[in-house]
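To be precise, the following lines are start.csv, and they hold CSV, C-alpha atoms.
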```csv
chain,number,residue,atom,x,y,z
A,1,MET,CA,-26.0,-6.7,-0.6
A,2,PRO,CA,-22.2,-7.1,-0.9
A,3,SER,CA,-20.5,-6.5,-4.2
A,4,SER,CA,-18.0,-9.1,-5.6
A,5,PHE,CA,-15.7,-9.7,-8.5
A,6,GLU,CA,-13.0,-12.3,-9.4
A,7,VAL,CA,-9.3,-11.8,-9.8
A,8,ARG,CA,-7.6,-14.2,-12.2
A,9,THR,CA,-4.1,-15.4,-11.4
A,10,SER,CA,-1.7,-18.0,-12.8
A,11,THR,CA,-2.7,-20.3,-10.0
A,12,GLY,CA,-6.4,-19.8,-10.4
A,13,SER,CA,-9.0,-17.2,-9.5
A,14,TYR,CA,-10.1,-15.8,-6.2
A,15,ASN,CA,-13.2,-13.9,-5.1
A,16,VAL,CA,-13.2,-10.4,-3.7
A,17,GLN,CA,-16.2,-9.3,-1.7
A,18,VAL,CA,-16.9,-5.8,-0.5
A,19,GLY,CA,-19.7,-4.9,1.9
A,20,ARG,CA,-20.6,-4.4,5.5
A,21,GLY,CA,-20.9,-6.8,8.4
A,22,LEU,CA,-18.9,-9.6,6.7
A,23,VAL,CA,-16.5,-10.7,9.4
A,24,GLY,CA,-18.9,-13.2,10.9
A,25,GLU,CA,-19.7,-14.7,7.5
A,26,LEU,CA,-16.0,-15.2,6.8
A,27,LEU,CA,-15.3,-16.9,10.2
A,28,ALA,CA,-18.4,-19.1,9.7
A,29,ARG,CA,-17.0,-20.3,6.4
A,30,GLN,CA,-13.7,-21.3,8.0
A,31,PRO,CA,-14.7,-22.7,11.5
A,32,ASP,CA,-11.5,-24.7,11.9
A,33,ALA,CA,-9.1,-21.9,10.7
A,34,ILE,CA,-6.3,-20.4,12.6
A,35,VAL,CA,-7.1,-16.7,12.9
A,36,MET,CA,-4.1,-14.3,12.7
A,37,VAL,CA,-5.3,-10.9,13.8
A,38,ASP,CA,-4.0,-7.5,14.7
A,39,GLU,CA,-4.0,-7.5,18.5
A,40,ARG,CA,-5.9,-4.2,18.6
A,41,LEU,CA,-8.8,-5.8,16.9
A,42,ARG,CA,-9.0,-9.1,18.9
A,43,ASP,CA,-12.0,-7.9,20.9
A,44,ARG,CA,-14.0,-7.3,17.7
A,45,LEU,CA,-13.9,-11.1,17.1
A,46,PRO,CA,-15.8,-13.8,18.9
A,47,ALA,CA,-14.1,-14.7,22.2
A,48,ASN,CA,-14.4,-18.4,21.7
A,49,LEU,CA,-12.3,-18.8,18.6
A,50,PRO,CA,-10.3,-22.0,19.1
A,51,ARG,CA,-7.0,-21.0,17.5
A,52,VAL,CA,-5.8,-17.4,17.4
A,53,ILE,CA,-2.5,-15.7,16.9
A,54,SER,CA,-2.6,-12.0,18.0
A,55,LEU,CA,0.2,-9.9,16.7
A,56,PRO,CA,1.2,-6.2,17.1
A,57,ALA,CA,0.9,-4.3,13.9
A,58,ASN,CA,4.1,-2.4,13.7
A,59,GLU,CA,7.1,-2.3,11.4
A,60,GLU,CA,9.4,-4.1,13.9
A,61,GLN,CA,7.0,-7.1,13.7
A,62,LYS,CA,7.2,-7.1,9.9
A,63,SER,CA,10.9,-8.0,9.9
A,64,LEU,CA,12.5,-11.2,8.6
A,65,GLU,CA,13.9,-11.8,12.1
A,66,LYS,CA,10.3,-11.9,13.6
A,67,MET,CA,9.0,-14.4,11.0
A,68,ALA,CA,10.4,-17.4,12.8
A,69,GLY,CA,8.3,-16.6,15.9
A,70,VAL,CA,5.1,-16.5,13.8
A,71,ILE,CA,6.0,-19.8,12.1
A,72,LEU,CA,6.6,-21.5,15.4
A,73,ALA,CA,3.2,-20.1,16.7
A,74,LEU,CA,1.5,-21.8,13.7
A,75,ARG,CA,3.4,-25.0,14.6
A,76,GLY,CA,2.3,-24.7,18.3
A,77,LEU,CA,-1.3,-24.6,17.1
A,78,LYS,CA,-0.7,-27.8,15.2
A,79,ALA,CA,-1.0,-26.2,11.7
A,80,GLY,CA,-0.6,-28.8,9.0
A,81,ARG,CA,-0.6,-28.8,5.2
A,82,ASP,CA,-4.5,-28.8,5.2
A,83,THR,CA,-4.8,-25.9,7.6
A,84,HIS,CA,-6.5,-22.7,6.5
A,85,VAL,CA,-5.4,-19.3,8.0
A,86,VAL,CA,-7.6,-16.3,8.1
A,87,VAL,CA,-5.7,-13.1,8.4
A,88,ILE,CA,-7.5,-10.0,9.8
A,89,GLY,CA,-5.6,-6.7,9.9
A,90,GLY,CA,-3.9,-4.0,7.9
A,91,GLY,CA,-1.0,-4.2,5.5
A,92,ILE,CA,1.5,-5.3,8.1
A,93,LEU,CA,-0.6,-8.4,9.1
A,94,GLN,CA,-1.2,-9.0,5.4
A,95,ASP,CA,2.6,-9.0,4.7
A,96,ILE,CA,3.2,-11.3,7.6
A,97,GLY,CA,0.3,-13.6,6.7
A,98,THR,CA,1.2,-13.8,3.0
A,99,PHE,CA,4.9,-14.5,3.6
A,100,VAL,CA,4.4,-17.0,6.4
A,101,CYS,CA,1.6,-18.9,4.7
A,102,SER,CA,3.6,-19.1,1.5
A,103,VAL,CA,6.6,-20.8,3.3
A,104,TYR,CA,5.0,-22.8,6.0
A,105,MET,CA,5.2,-26.5,4.9
A,106,ARG,CA,5.8,-25.0,1.4
A,107,GLY,CA,2.5,-23.3,1.3
A,108,ILE,CA,-0.9,-23.4,3.1
A,109,ALA,CA,-4.2,-21.8,2.2
A,110,TRP,CA,-5.2,-18.5,3.6
A,111,SER,CA,-7.9,-15.8,3.3
A,112,TYR,CA,-7.6,-12.1,4.0
A,113,MET,CA,-9.8,-9.5,5.6
A,114,PRO,CA,-8.2,-6.0,5.4
A,115,THR,CA,-9.0,-3.6,8.2
A,116,THR,CA,-7.2,-0.5,7.1
A,117,MET,CA,-8.1,1.8,4.3
A,118,LEU,CA,-4.8,1.1,2.6
A,119,GLY,CA,-5.5,-2.6,2.8
A,120,MET,CA,-9.0,-2.2,1.6
A,121,ALA,CA,-8.2,0.1,-1.3
A,122,ASP,CA,-5.0,-1.4,-2.6
A,123,SER,CA,-2.9,-4.1,-1.1
A,124,CYS,CA,-5.6,-6.7,-0.3
A,125,ILE,CA,-5.4,-8.0,-3.9
A,126,GLY,CA,-2.3,-9.0,-5.7
A,127,GLY,CA,-0.9,-11.5,-3.2
A,128,LYS,CA,2.4,-9.6,-2.6
A,129,SER,CA,4.4,-9.8,0.6
A,130,SER,CA,7.0,-7.3,1.6
A,131,ILE,CA,9.3,-7.9,4.6
A,132,ASN,CA,11.8,-5.6,6.1
A,133,VAL,CA,15.4,-6.7,6.7
A,134,GLY,CA,18.1,-4.9,8.7
A,135,GLY,CA,16.1,-1.6,8.7
A,136,LEU,CA,15.6,-1.7,4.9
A,137,LYS,CA,11.9,-1.5,4.0
A,138,ASN,CA,10.4,-4.3,1.9
A,139,LEU,CA,13.7,-5.8,0.9
A,140,VAL,CA,12.4,-9.4,0.6
A,141,GLY,CA,9.1,-10.9,-0.2
A,142,ASN,CA,7.1,-13.0,-2.7
A,143,ILE,CA,3.7,-13.3,-4.4
A,144,TYR,CA,1.2,-15.8,-2.9
A,145,PRO,CA,-2.5,-15.0,-3.5
A,146,PRO,CA,-5.1,-15.8,-0.9
A,147,ARG,CA,-8.1,-18.1,-1.5
A,148,GLU,CA,-10.5,-15.1,-1.0
A,149,VAL,CA,-10.5,-11.5,0.0
A,150,VAL,CA,-13.3,-10.1,2.1
A,151,VAL,CA,-13.5,-6.3,2.6
A,152,ASP,CA,-15.7,-5.3,5.5
A,153,THR,CA,-16.1,-1.5,5.4
A,154,ASP,CA,-17.4,-1.5,8.9
A,155,PHE,CA,-13.8,-1.4,10.0
A,156,ILE,CA,-13.7,2.2,8.6
A,157,SER,CA,-15.0,3.3,12.0
A,158,THR,CA,-11.7,2.1,13.7
A,159,LEU,CA,-9.5,4.4,11.6
A,160,ASP,CA,-8.2,7.8,12.3
A,161,ALA,CA,-7.6,10.6,9.8
A,162,GLY,CA,-4.1,9.6,8.8
A,163,GLN,CA,-5.0,6.0,8.2
A,164,THR,CA,-8.1,6.9,6.2
A,165,VAL,CA,-6.3,9.5,4.0
A,166,GLY,CA,-3.3,7.3,3.6
A,167,GLY,CA,-5.4,4.6,2.0
A,168,LEU,CA,-7.2,7.1,-0.2
A,169,VAL,CA,-3.8,8.3,-1.4
A,170,GLU,CA,-3.1,4.8,-2.6
A,171,ALA,CA,-6.5,4.5,-4.2
A,172,VAL,CA,-6.1,7.7,-6.3
A,173,LYS,CA,-2.6,6.7,-7.2
A,174,ILE,CA,-3.9,3.4,-8.7
A,175,CYS,CA,-6.6,5.2,-10.7
A,176,PHE,CA,-4.1,7.8,-12.0
A,177,ALA,CA,-1.7,5.0,-13.0
A,178,ARG,CA,-4.5,3.5,-15.2
A,179,GLY,CA,-5.1,6.7,-17.0
A,180,TYR,CA,-6.5,10.3,-16.7
A,181,ASP,CA,-10.2,9.2,-17.2
A,182,ALA,CA,-10.0,6.7,-14.2
A,183,PHE,CA,-8.4,9.5,-12.1
A,184,CYS,CA,-11.1,12.0,-13.0
A,185,THR,CA,-13.8,9.4,-12.0
A,186,PHE,CA,-12.2,9.0,-8.6
A,187,ASP,CA,-11.6,12.7,-8.3
A,188,ALA,CA,-15.3,13.4,-8.8
A,189,GLU,CA,-16.1,11.3,-5.7
A,190,GLN,CA,-14.4,14.0,-3.5
A,191,ALA,CA,-13.0,11.5,-1.1
A,192,ARG,CA,-11.9,13.1,2.2
A,193,TYR,CA,-11.9,12.3,5.9
A,194,PRO,CA,-14.2,11.4,7.6
A,195,LEU,CA,-15.7,8.7,5.3
A,196,SER,CA,-18.9,6.7,5.7
A,197,ALA,CA,-18.9,3.0,5.2
A,198,GLU,CA,-21.3,3.4,2.2
A,199,HIS,CA,-19.0,6.0,0.5
A,200,ALA,CA,-16.0,3.8,1.2
A,201,GLU,CA,-17.6,0.8,-0.4
A,202,ARG,CA,-18.0,2.8,-3.7
A,203,LEU,CA,-14.4,4.0,-3.5
A,204,MET,CA,-13.0,0.6,-2.7
A,205,LEU,CA,-14.8,-1.1,-5.6
A,206,GLN,CA,-13.5,1.5,-8.0
A,207,SER,CA,-9.9,1.3,-6.8
A,208,LEU,CA,-9.8,-2.5,-6.6
A,209,THR,CA,-11.4,-3.1,-10.0
A,210,VAL,CA,-8.9,-0.7,-11.5
A,211,LYS,CA,-6.0,-2.5,-9.7
A,212,ARG,CA,-7.4,-5.9,-10.9
A,213,TRP,CA,-6.4,-4.9,-14.4
A,214,PHE,CA,-2.8,-4.4,-13.4
A,215,ILE,CA,-2.7,-7.7,-11.6
A,216,GLU,CA,-4.2,-9.7,-14.4
A,217,VAL,CA,-2.0,-8.2,-17.2
A,218,ASP,CA,1.2,-8.3,-15.1
A,219,GLU,CA,0.9,-10.6,-12.1
A,220,PHE,CA,4.6,-10.8,-11.4
A,221,ASP,CA,5.5,-7.1,-11.5
A,222,LYS,CA,7.5,-7.0,-14.7
A,223,LYS,CA,5.9,-4.2,-16.7
A,224,GLU,CA,2.5,-2.4,-16.2
A,225,ARG,CA,2.2,-3.2,-12.5
A,226,LEU,CA,5.4,-1.4,-11.9
A,227,LEU,CA,3.6,1.9,-12.5
A,228,LEU,CA,1.9,1.4,-9.2
A,229,ASN,CA,5.2,2.3,-7.6
A,230,TYR,CA,4.3,5.9,-8.4
A,231,GLY,CA,5.4,8.0,-5.4
A,232,HIS,CA,6.8,5.0,-3.6
A,233,THR,CA,10.5,5.4,-4.2
A,234,PHE,CA,10.3,8.9,-2.6
A,235,GLY,CA,7.8,7.7,0.0
A,236,HIS,CA,9.7,4.7,1.2
A,237,ALA,CA,12.8,7.0,1.7
A,238,VAL,CA,10.8,9.4,3.8
A,239,GLU,CA,9.4,6.6,5.9
A,240,ALA,CA,12.8,5.1,6.6
A,241,ALA,CA,14.5,8.4,7.2
A,242,THR,CA,11.8,9.3,9.8
A,243,ASN,CA,11.9,5.9,11.4
A,244,PHE,CA,8.4,5.3,10.0
A,245,GLY,CA,7.2,8.4,11.9
A,246,ILE,CA,5.2,9.3,8.7
A,247,ALA,CA,2.6,6.8,7.8
A,248,HIS,CA,3.1,4.9,4.5
A,249,GLY,CA,0.1,6.4,2.6
A,250,LEU,CA,0.9,10.0,3.6
A,251,ALA,CA,4.6,9.5,2.6
A,252,VAL,CA,3.5,8.2,-0.8
A,253,GLY,CA,1.3,11.2,-1.2
A,254,MET,CA,4.3,13.4,-0.6
A,255,GLY,CA,6.3,11.2,-3.0
A,256,VAL,CA,3.7,11.7,-5.8
A,257,ILE,CA,4.1,15.5,-5.5
A,258,ALA,CA,7.9,15.1,-5.5
A,259,ALA,CA,7.8,12.9,-8.6
A,260,ASN,CA,5.6,15.3,-10.5
A,261,ALA,CA,8.0,18.2,-9.6
A,262,ALA,CA,11.0,16.2,-10.9
A,263,ALA,CA,9.2,15.4,-14.1
A,264,ARG,CA,8.3,19.0,-14.7
A,265,ASP,CA,11.8,20.3,-13.9
A,266,ALA,CA,13.3,17.6,-16.2
A,267,GLY,CA,11.2,18.9,-19.1
A,268,TRP,CA,9.5,15.5,-19.6
A,269,LEU,CA,5.9,16.9,-19.9
A,270,SER,CA,4.0,18.5,-22.8
A,271,PRO,CA,1.7,21.4,-22.1
A,272,LYS,CA,-1.2,18.9,-21.8
A,273,GLY,CA,1.0,16.8,-19.5
A,274,LEU,CA,1.8,19.7,-17.3
A,275,GLU,CA,-2.0,20.4,-16.9
A,276,ILE,CA,-2.7,16.8,-16.0
A,277,ALA,CA,0.2,16.5,-13.6
A,278,ASP,CA,-0.8,19.7,-11.9
A,279,HIS,CA,-4.4,18.4,-11.5
A,280,MET,CA,-3.0,15.3,-9.8
A,281,ARG,CA,-0.7,17.6,-7.7
A,282,ARG,CA,-3.5,19.7,-6.5
A,283,HIS,CA,-5.7,16.7,-5.7
A,284,MET,CA,-2.9,15.1,-3.7
A,285,ILE,CA,-2.1,18.2,-1.8
A,286,GLY,CA,-5.7,18.6,-0.8
A,287,LEU,CA,-6.1,15.0,0.1
A,288,VAL,CA,-3.0,14.7,2.3
A,289,ARG,CA,-3.6,18.1,4.0
A,290,SER,CA,-7.2,17.0,4.8
A,291,ALA,CA,-5.7,14.6,7.4
A,292,ASN,CA,-4.5,17.7,9.2
A,293,LEU,CA,-1.4,16.0,10.5
A,294,GLN,CA,2.2,17.3,11.0
A,295,PRO,CA,5.4,15.2,11.4
A,296,ASP,CA,6.7,15.0,14.9
A,297,ALA,CA,10.0,16.5,13.7
A,298,ALA,CA,11.5,18.1,10.6
A,299,ILE,CA,12.1,15.7,7.8
A,300,PRO,CA,15.9,15.2,7.5
A,301,LEU,CA,16.7,15.8,3.8
A,302,ALA,CA,20.2,14.3,3.8
A,303,LYS,CA,18.9,11.1,5.4
A,304,VAL,CA,16.0,10.9,3.0
A,305,LEU,CA,18.4,11.1,0.0
A,306,ASP,CA,20.6,8.4,1.6
A,307,LYS,CA,17.6,6.1,1.9
A,308,PHE,CA,16.5,7.1,-1.6
A,309,GLU,CA,19.9,6.0,-3.0
A,310,SER,CA,19.6,2.6,-1.4
A,311,ASP,CA,16.2,1.7,-2.8
A,312,LYS,CA,16.1,-1.8,-4.2
A,313,LYS,CA,14.4,-0.7,-7.4
A,314,HIS,CA,17.4,1.3,-8.6
A,315,ARG,CA,20.1,-0.1,-11.0
A,316,LYS,CA,23.9,0.3,-10.9
A,317,ASP,CA,23.8,3.1,-13.5
A,318,GLY,CA,20.5,4.8,-12.7
A,319,TYR,CA,17.8,5.9,-10.2
A,320,ARG,CA,14.5,4.3,-11.2
A,321,ILE,CA,11.3,6.2,-10.5
A,322,VAL,CA,7.8,6.3,-11.8
A,323,ALA,CA,6.8,9.7,-13.1
A,324,PRO,CA,4.4,11.4,-15.6
A,325,GLN,CA,5.8,11.7,-19.1
A,326,GLY,CA,4.6,13.4,-22.3
A,327,ASP,CA,0.8,14.0,-22.1
A,328,GLY,CA,0.7,12.9,-18.5
A,329,ALA,CA,0.8,9.1,-18.7
A,330,LEU,CA,3.0,7.4,-16.1
A,331,ALA,CA,6.3,5.7,-17.1
A,332,LEU,CA,9.2,3.9,-15.4
A,333,VAL,CA,12.2,6.2,-16.0
A,334,SER,CA,15.9,6.0,-15.1
A,335,LEU,CA,17.9,9.0,-14.0
A,336,PRO,CA,21.7,8.9,-14.2
A,337,ARG,CA,23.4,8.3,-10.9
A,338,ASN,CA,25.0,11.8,-10.6
A,339,ARG,CA,24.9,15.0,-8.6
A,340,GLU,CA,22.4,16.7,-11.0
A,341,SER,CA,19.9,13.9,-10.6
A,342,LEU,CA,20.2,13.9,-6.9
A,343,ASP,CA,19.8,17.6,-6.8
A,344,ARG,CA,16.6,17.3,-8.8
A,345,ILE,CA,15.3,14.6,-6.4
A,346,ALA,CA,16.2,16.8,-3.4
A,347,ALA,CA,14.3,19.8,-5.0
A,348,GLY,CA,11.2,17.6,-5.6
A,349,ILE,CA,11.2,16.5,-1.9
A,350,ALA,CA,11.7,20.1,-0.7
A,351,GLU,CA,8.8,21.3,-3.0
A,352,ALA,CA,6.5,18.5,-1.7
A,353,CYS,CA,7.3,19.4,2.0
A,354,GLN,CA,6.6,23.1,1.2
A,355,ALA,CA,3.3,22.2,-0.5
A,356,LEU,CA,2.2,20.2,2.5
A,357,ASP,CA,3.6,22.6,5.1
A,358,TRP,CA,5.8,20.0,6.5
A,359,PRO,CA,9.1,21.1,8.1
A,360,LEU,CA,12.3,20.1,6.3
A,361,ALA,CA,15.9,20.0,7.8
A,362,ALA,CA,19.1,19.8,5.9
```
Structure translated into C-alpha cells:
Amino acid sequence: MPSSFEVRTSTGSYNVQVGRGLVGELLARQPDAIVMVDERLRDRLPANLPRVISLPANEEQKSLEKMAGVILALRGLKAGRDTHVVVIGGGILQDIGTFVCSVYMRGIAWSYMPTTMLGMADSCIGGKSSINVGGLKNLVGNIYPPREVVVDTDFISTLDAGQTVGGLVEAVKICFARGYDAFCTFDAEQARYPLSAEHAERLMLQSLTVKRWFIEVDEFDKKERLLLNYGHTFGHAVEAATNFGIAHGLAVGMGVIAANAAARDAGWLSPKGLEIADHMRRHMIGLVRSANLQPDAAIPLAKVLDKFESDKKHRKDGYRIVAPQGDGALALVSLPRNRESLDRIAAGIAEACQALDWPLAA
C-alpha cells in the first residue's frame, strides 16, 4: 500500500504518494495529458500515449535558450489553458516542466513523477525551477507547485551508483538541516548503494516529510529553507568548473565536507559542534565514496574558485554560505570578500578532495 501525505502551499495543497508500481495509475488518472518524459525512459511507458514530448536529460537542455523549443512543442500538441502535463524524469525534466508549465499561457496544471534518487528524495516537492543561462547554473527560475507528486520507487532499478548516492547525499543534507536528531535517524538507516525499492521507500518518506517542514514554514526561500543550500555553493562551483562532469549530488557531498572544514577553521564551532560536524563529515565521506567513482580529470581549483565567486547567492560585500555554527546547527553566514576568505574556501575544497581521494589541480 503506497504511503501519502499533503504539502500545504499558498496556492493550496498537493498530495505526495510514495510506493511501487504507480506509473500506470498516474497515467490512468490523466488520460488526456501531455506526457513530458526523459527520452531514456520512453520505452517504460505505454506505446499508445497520444501526446508525448521526449527530451534529453542533460544540462544543455536545461538552458533558457532551449525553453522556446519545449514551449513550441506544447503548442504543436495543441496545449491550451485546460491542458494537464505529466512530467516523468529526473531533476532536469522537473526544472524544464516546472518552468514551462508556469509560463505557458500564464500557467497550466502539471503533475510530477521523479525517476532519479535526487528527485525522489528532495526536489520533487517545493515547486522550484532552476534554469541555466549562459553557462551559469540555475541563474533564473520560479516557484510553481504541481497538482500532485507520485514517487514510484521501481525506478530505483534504472539508476547507477552515482545517481543513487547523489540522491542520498541530498536526503541526508535535508535531515541534517532540520537538526541533529533527524540526521541521526537517517544515519541509522545505513543508506548505501545498492538500494532496494523497499529500503528506498522508507528513506524517501523520511527525507520528504522533513523537507515538507521547510516548504511549509518558508515556501518562497526567505529564511529557513535557505539552509537547504548547505554544500550547494561549493557544489555548484565544482559542477560548473568541471563542465558538469561531476554529478550534482556528489558535488554537493563534497561541498558539505568543504563547508564543515571552513566552519572549523574559522572557529565557528563549540566542542559539541565540532563533534556533530565531524559526525556529518564522516557520514558524507562514507556515503560519497560508496559510489566508488572518480572524476575524469583533476578538479581545477582556480576555476572552481572563479565559479564560486560568481554564485548568485553572494552579496556585494560578502560570500554567502550555509555552514554549521555553535553546537552544530546550520546557519546562513557571510564571509568578507577578501583574500583570507577565499583562501579558507580553497582550503576547504582541497580538504574535501583529499578526503574523497579526488585529484585536484591548481
Exercise for review: Could you give me, as an MDAnalysis selection string, the residues that sit within 9 Å of (2.7, -8.5, 0.4) in the file's coordinates, counting all atoms listed in the file?
Suggested key: chainID A and resid 91:92 94:99 123:124 126:131 138 141:144
For Pro194 of chain A, the closest of A:Pro46, A:Gly69, A:Gly90, A:Gly162 counting all atoms listed in the file is A:Gly162
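For segment 51-57 of chain A, the list of residues within 6 Å, based on all atoms listed in the file and with local chain neighbours fewer than 5 positions off taken out, reads Ile34, Val35, Met36, Val37, Asp38, Glu39 and Ile92 of chain A.
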Can I get the selected residues back with C-alpha atoms, as a PDB file, in the coordinates of the input?
```pdb
ATOM      1  CA  ILE A  34      -6.300 -20.400  12.600  1.00  0.00           C
ATOM      2  CA  VAL A  35      -7.100 -16.700  12.900  1.00  0.00           C
ATOM      3  CA  MET A  36      -4.100 -14.300  12.700  1.00  0.00           C
ATOM      4  CA  VAL A  37      -5.300 -10.900  13.800  1.00  0.00           C
ATOM      5  CA  ASP A  38      -4.000  -7.500  14.700  1.00  0.00           C
ATOM      6  CA  GLU A  39      -4.000  -7.500  18.500  1.00  0.00           C
ATOM      7  CA  ILE A  92       1.500  -5.300   8.100  1.00  0.00           C
TER       8      ILE A  92
END
```
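The neighbours of segment 221-236 of chain A here are the residues that come within 6 Å of it, using all atoms listed in the file and leaving out any residue fewer than 3 positions away in the same chain; they are Phe214, Asp218, Glu239, Ala251, Val252, Gly255, Val256 and Val322 of chain A.
The list of residues with at least one atom within 9 Å of segment 285-288 of chain A, based on only C-alpha atoms and without residues fewer than 4 positions apart in the same chain, reads A:Gly162, A:Val165, A:Gly166, A:Leu168, A:Val169, A:Ala191, A:Arg192, A:Tyr193, A:Gly249, A:Leu250, A:Gly253, A:Met254, A:Ile257, A:Met280, A:Arg281, A:Asn292, A:Leu293, A:Ala352, A:Ala355, A:Leu356.
Using only C-alpha atoms for every distance, the candidate list A:Ala346, A:Ala109, A:Ile174, A:Ala68 yields A:Ala109 as the residue closest to Thr83 of chain A.
You can rank A:Leu93, A:Ala361, A:Met105, A:Val86 by their closest distance to Ile71 of chain A using all atoms listed in the file, and at the top of that list sits A:Met105.
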Using all atoms listed in the file, the best pick from A:Val150, A:Ala261, A:Ile215, A:Ala329 as closest to Asn15 of chain A would be A:Val150
The residue from A:His283, A:Ala266, A:Ile345, A:Val333 with the smallest atom-to-atom distance to Arg315 of chain A, counting only C-alpha atoms, is A:Val333
Please list as a count of residues only every residue within 8 Å of Asn260 of chain A, counting all atoms listed in the file and excluding residues in the same chain fewer than 6 positions away. 6
Need to verify the contact set: Lys316 of chain A, 12 Å, all atoms listed in the file, exclusion of same-chain residues closer than 4 positions in sequence. Can you return it as a list of chain:residue names? A:Glu309, A:Ser310, A:Asp311, A:Lys312, A:Arg320, A:Ser334, A:Leu335, A:Pro336, A:Arg337, A:Asn338
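Among A:Glu275, A:Asp181, A:Asp327, A:Asp306, the residue with the shortest atom-to-atom distance to Ala241 of chain A, counting only C-alpha atoms, is A:Asp306.
From atom CA of Asp296 of chain A back to atom CA of Ile246 of chain A, the distance works out to 8.6 Å.
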Using only C-alpha atoms, I'd like a table of the residues in segment 125-208 of chain A that come within 8 Å of segment 58-65 of chain A; for each, show the closest atom pair and its distance in Å rounded to one decimal, ordered by chain and ascending number, as a tab-separated table.
```
residue	atom	partner	partner_atom	distance
A:Ile131	CA	A:Ser63	CA	5.5
A:Asn132	CA	A:Ser63	CA	4.6
A:Val133	CA	A:Ser63	CA	5.7
A:Gly134	CA	A:Ser63	CA	7.9
```
task: Dump as an NGL selection string all residues having an atom at most 8 Å from (-22.1, 3.0, 6.5), computed in the file's coordinates with all atoms listed in the file.
output: :A and (20 or 153-154 or 196-199)
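You will find atom CA of Arg202 of chain A at 24.8 Å from atom CA of Leu330 of chain A.
Straight-line separation from atom CA of Ala171 of chain A to atom CA of Gly12 of chain A: 25.1 Å.
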